[in-house]
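J.: Just one file: structure.txt, with compact mmCIF, C-alpha atoms.
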# COMPACT_ATOMS: atom_id res chain seq x y z
CA MET D 1 21.76 -17.33 -4.12
CA ALA D 2 19.28 -15.87 -1.62
CA ILE D 3 20.06 -12.48 -0.08
CA PRO D 4 20.41 -12.71 3.71
CA SER D 5 17.45 -11.25 5.55
CA ASP D 6 19.75 -8.91 7.51
CA ASN D 7 20.80 -7.20 4.25
CA LEU D 8 17.17 -6.78 3.23
CA LYS D 9 16.37 -5.14 6.55
CA THR D 10 19.38 -2.84 6.23
CA ASN D 11 18.43 -1.77 2.70
CA TYR D 12 14.84 -1.23 3.77
CA LEU D 13 15.89 0.94 6.70
CA GLN D 14 18.27 2.96 4.52
CA MET D 15 15.56 3.55 1.93
CA LYS D 16 13.07 4.52 4.63
CA THR D 17 15.57 6.94 6.16
CA LEU D 18 16.28 8.46 2.74
CA ILE D 19 12.57 8.98 2.07
CA VAL D 20 12.06 10.62 5.49
CA ALA D 21 15.06 12.89 4.88
CA LEU D 22 13.68 13.92 1.47
CA LYS D 23 10.29 14.68 2.99
CA ILE D 24 11.89 16.85 5.69
CA PHE D 25 14.02 18.59 3.06
CA LEU D 26 11.01 19.36 0.87
CA PHE D 27 8.95 20.50 3.87
CA PHE D 28 11.52 23.02 5.07
CA THR D 29 12.28 24.13 1.50
CA VAL D 30 8.64 25.05 1.00
CA LEU D 31 8.34 26.51 4.51
CA THR D 32 11.48 28.67 4.57
CA GLY D 33 11.84 29.25 0.83
CA ILE D 34 8.25 30.07 -0.09
CA ILE D 35 5.75 30.33 2.76
CA TYR D 36 7.88 32.34 5.21
CA PRO D 37 9.22 34.89 2.67
CA VAL D 38 5.74 35.43 1.20
CA PHE D 39 4.25 35.84 4.69
CA VAL D 40 6.93 38.29 5.89
CA THR D 41 6.84 40.27 2.65
CA GLY D 42 3.06 40.49 2.81
CA ILE D 43 3.08 41.70 6.42
CA ALA D 44 5.79 44.27 5.63
CA GLN D 45 3.92 45.60 2.61
CA LEU D 46 0.75 45.86 4.68
CA ILE D 47 2.18 47.54 7.79
CA PHE D 48 5.06 49.71 6.50
CA PRO D 49 5.22 49.55 2.68
CA GLU D 50 7.59 52.53 2.32
CA LYS D 51 10.32 50.94 4.45
CA ALA D 52 9.73 47.53 2.93
CA ASN D 53 10.40 49.01 -0.52
CA GLY D 54 13.70 50.59 0.52
CA SER D 55 12.43 54.02 1.68
CA MET D 56 12.64 55.24 -1.90
CA VAL D 57 12.21 58.94 -2.61
CA LEU D 58 10.16 59.81 -5.70
CA ARG D 59 10.03 62.95 -7.81
CA ASP D 60 7.61 63.10 -10.72
CA HIS D 61 6.91 59.41 -10.08
CA LYS D 62 10.59 58.53 -10.61
CA ALA D 63 12.93 57.19 -7.94
CA ILE D 64 15.75 59.65 -7.31
CA GLY D 65 17.26 58.00 -4.26
CA SER D 66 16.64 56.40 -0.90
CA LYS D 67 16.36 57.96 2.54
CA LEU D 68 18.70 55.22 3.75
CA ILE D 69 21.57 55.67 1.29
CA GLY D 70 23.71 58.78 0.85
CA GLN D 71 24.65 60.11 -2.55
CA ALA D 72 27.07 62.62 -4.03
CA PHE D 73 25.92 66.24 -4.37
CA ASP D 74 28.73 67.96 -6.26
CA SER D 75 26.88 71.13 -7.28
CA THR D 76 27.40 74.20 -5.11
CA VAL D 77 23.63 74.78 -5.05
CA TYR D 78 23.18 71.69 -2.88
CA PHE D 79 24.27 70.69 0.59
CA ALA D 80 27.09 68.16 0.56
CA GLY D 81 26.77 64.85 2.37
CA ARG D 82 29.25 62.80 4.31
CA PRO D 83 32.33 61.55 2.41
CA SER D 84 32.21 57.95 1.20
CA ALA D 85 35.19 55.64 0.72
CA ILE D 86 33.22 53.59 -1.83
CA SER D 87 31.45 56.43 -3.67
CA TYR D 88 28.09 55.48 -2.10
CA ASN D 89 28.06 52.15 -3.95
CA SER D 90 25.52 49.97 -2.16
CA LEU D 91 27.16 46.68 -3.20
CA PRO D 92 30.73 46.84 -1.81
CA THR D 93 29.72 48.77 1.31
CA GLY D 94 32.51 49.65 3.70
CA GLY D 95 35.09 52.18 4.78
CA SER D 96 38.70 52.78 3.89
CA ASN D 97 39.88 50.59 6.81
CA TYR D 98 42.69 53.07 7.48
CA GLY D 99 43.80 53.01 11.12
CA LEU D 100 44.09 56.19 13.19
CA THR D 101 47.90 56.08 12.89
CA ASN D 102 47.82 55.66 9.11
CA VAL D 103 49.46 58.59 7.30
CA LYS D 104 47.04 58.20 4.38
CA LEU D 105 44.08 58.77 6.71
CA LYS D 106 45.73 61.89 8.15
CA ASP D 107 46.38 63.28 4.67
CA LEU D 108 42.82 62.44 3.59
CA VAL D 109 41.29 64.18 6.61
CA ASN D 110 43.44 67.27 6.11
CA SER D 111 42.49 67.36 2.43
CA ARG D 112 38.79 67.12 3.26
CA ARG D 113 39.15 69.87 5.87
CA ARG D 114 40.83 72.23 3.41
CA GLN D 115 38.26 71.46 0.71
CA PHE D 116 35.29 71.97 3.05
CA ILE D 117 36.67 75.29 4.30
CA ALA D 118 37.47 76.52 0.79
CA THR D 119 34.19 75.41 -0.76
CA ASN D 120 32.07 76.99 1.96
CA HIS D 121 34.22 80.15 2.30
CA LEU D 122 34.91 79.54 5.99
CA ASP D 123 37.59 80.85 8.29
CA SER D 124 40.61 78.56 8.43
CA LEU D 125 40.14 78.18 12.19
CA THR D 126 36.54 76.97 11.86
CA GLU D 127 35.91 73.67 13.63
CA ILE D 128 34.65 71.19 11.05
CA PRO D 129 32.28 68.42 12.24
CA SER D 130 33.95 65.02 12.22
CA GLU D 131 31.43 63.44 9.83
CA MET D 132 32.60 65.81 7.09
CA LEU D 133 36.19 64.62 7.59
CA PHE D 134 35.75 60.88 8.13
CA ALA D 135 33.79 58.50 5.91
CA SER D 136 31.32 56.23 7.68
CA ALA D 137 31.99 52.51 8.17
CA SER D 138 29.35 51.64 5.57
CA GLY D 139 30.10 54.45 3.13
CA LEU D 140 26.35 54.98 2.79
CA ASP D 141 25.45 57.29 5.69
CA PRO D 142 22.74 59.68 4.40
CA HIS D 143 22.96 62.08 7.36
CA ILE D 144 25.12 64.97 8.54
CA SER D 145 24.91 66.96 11.74
CA VAL D 146 22.92 70.17 12.05
CA GLN D 147 26.18 72.03 12.54
CA ALA D 148 27.60 70.66 9.27
CA ALA D 149 24.47 71.80 7.44
CA MET D 150 24.57 75.28 9.00
CA LEU D 151 28.19 75.72 7.89
CA GLN D 152 27.06 75.26 4.27
CA VAL D 153 24.19 77.76 4.37
CA GLU D 154 26.15 80.76 3.10
CA ARG D 155 27.58 78.83 0.16
CA VAL D 156 24.20 77.38 -0.90
CA ALA D 157 22.44 80.73 -0.47
CA GLN D 158 25.08 82.51 -2.54
CA ALA D 159 24.98 79.87 -5.30
CA ARG D 160 21.19 80.23 -5.52
CA ASP D 161 21.18 84.05 -5.26
CA PHE D 162 18.98 83.93 -2.17
CA ASP D 163 18.06 87.19 -0.49
CA ASN D 164 18.17 87.62 3.29
CA ASN D 165 14.61 86.37 3.77
CA GLN D 166 15.31 83.23 1.79
CA LYS D 167 18.51 82.70 3.75
CA VAL D 168 16.52 82.86 6.98
CA GLU D 169 14.06 80.41 5.47
CA LEU D 170 16.95 78.11 4.61
CA ARG D 171 18.22 78.08 8.18
CA GLN D 172 14.71 77.48 9.47
CA LEU D 173 14.36 74.60 7.05
CA ILE D 174 17.41 72.93 8.55
CA SER D 175 15.97 73.29 12.04
CA ASN D 176 12.61 71.90 10.93
CA LEU D 177 14.17 68.85 9.24
CA ALA D 178 16.49 68.01 12.13
CA GLU D 179 15.91 64.44 13.29
CA ALA D 180 16.16 63.63 16.98
CA PRO D 181 18.90 61.29 18.24
CA GLN D 182 18.07 57.63 17.74
CA PHE D 183 15.92 56.37 20.62
CA LEU D 184 16.23 59.96 21.94
CA CYS D 185 19.63 59.13 23.46
CA LEU D 186 22.02 57.77 20.81
CA GLY D 187 24.07 60.20 18.75
CA GLU D 188 22.98 63.75 18.04
CA GLU D 189 20.47 65.66 15.95
CA ARG D 190 21.02 64.94 12.29
CA ILE D 191 19.86 65.98 8.83
CA ASN D 192 19.02 63.71 5.93
CA VAL D 193 20.90 65.44 3.09
CA LEU D 194 18.70 64.17 0.27
CA MET D 195 15.51 65.32 1.98
CA LEU D 196 17.10 68.67 2.79
CA ASN D 197 18.18 69.29 -0.80
CA LEU D 198 14.72 68.40 -2.10
CA GLU D 199 13.18 70.99 0.21
CA VAL D 200 15.81 73.59 -0.73
CA ASP D 201 14.69 73.31 -4.36
CA LYS D 202 11.24 74.49 -3.27
CA ILE D 203 12.44 77.79 -1.78
CA GLY D 204 11.48 80.61 -4.09
CA HIS D 205 9.29 78.34 -6.22
CA GLU D 206 6.24 78.00 -4.00
Please, can you express the file's structure as structure tokens?
T.:
Amino acid sequence: MAIPSDNLKTNYLQMKTLIVALKIFLFFTVLTGIIYPVFVTGIAQLIFPEKANGSMVLRDHKAIGSKLIGQAFDSTVYFAGRPSAISYNSLPTGGSNYGLTNVKLKDLVNSRRRQFIATNHLDSLTEIPSEMLFASASGLDPHISVQAAMLQVERVAQARDFDNNQKVELRQLISNLAEAPQFLCLGEERINVLMLNLEVDKIGHE
């Protein structure tokens, strides 16, 4: 029995449409999956390779961290960074999600305040910068304020047995490393804790 010509036309059109769709699929797969990524990666490596590679910080040719991600500094000889609700893990980034009326958040903030005051041998009435009491939304913030760094100077200097001249050098170091507010108007002066601690290691060894 002969197949009606209308069915042949329909099958032909369907096959033609399928072939066109496959060609478009392959074209955009190659374009967006290969050509575009290679082009963007190449431009990034050419213009700003450090940022393109994650702003990694090297010591003795080994990566010890990134300028963009905070990390824990538990030793008293180093400046402490901002608290992190996810222990600076770069995969499950985020905060505690505690609301301002949550009792757990209040207890956590009070605990951090007491610990910061005790660790840095401060007066109980000292005003502690908010970033040392509250974790950031990402849990990865690598910066603290200049004030928060200055409040840790005495503790770091004592732990390293710095004399008065080295203590002055330490304070000057903080001032020199202070980064201006973003776009000169957003936020306040801030210190990258990893970069600060790397420079602190050089005091007395130059």
J.: Near range 134-144 of chain D, counting only C-alpha atoms, which residues have an atom at most 8 Å away, once you skip same-chain residues fewer than 6 positions from it, shown as a list in words?
T.: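 Returned residues: Lys67, Leu68, Ile69, Gly70, Gln71, Gly81, Arg82, Pro83, Ser84, Ala85, Ile86, Ser87, Tyr88, Asn89, Ser90, Thr93, Gly94, Gly95, Ser96, Val109, Arg190, Ile191, Asn192, Val193 and Leu194 of chain D.
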J.: Restricting the calculation to all atoms listed in the file, which member of D:Cys185, D:Leu133, D:Leu170, D:Met56 is positioned closest to Gln115 in chain D?
T.: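 Under the stated criterion, the closest residue is D:Leu133.
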J.: In terms of the shortest atom-to-atom distance over all atoms listed in the file, which of D:Gly99, D:Pro49, D:Pro92, D:Gly204 is closest to Gln166 in chain D?
T.: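 The answer is D:Gly204, which sits nearest to Gln166 in chain D.
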J.: Between CA of Val146 in chain D and CA of Glu189 in chain D, what is the distance in Å, rounded to a tenth?
T.: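 Distance between the two atoms: 6.4 Å.
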J.: Calculated over all atoms listed in the file, which of the candidates D:Asn97, D:Gln182, D:Ser55, D:Ser124 has the smallest distance to Asn110 in chain D?
T.: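 Residue with the minimum atom-to-atom distance to Asn110 in chain D: D:Ser124.
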J.: Which residues come within 12 Å of Lys202 in chain D, counting all atoms listed in the file, excluding same-chain residues fewer than 6 positions away, as a list in words?
T.: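 Counting all atoms listed in the file, the residues come to Arg160, Gln166, Glu169, Leu170, Leu173, Met195 and Leu196 of chain D.
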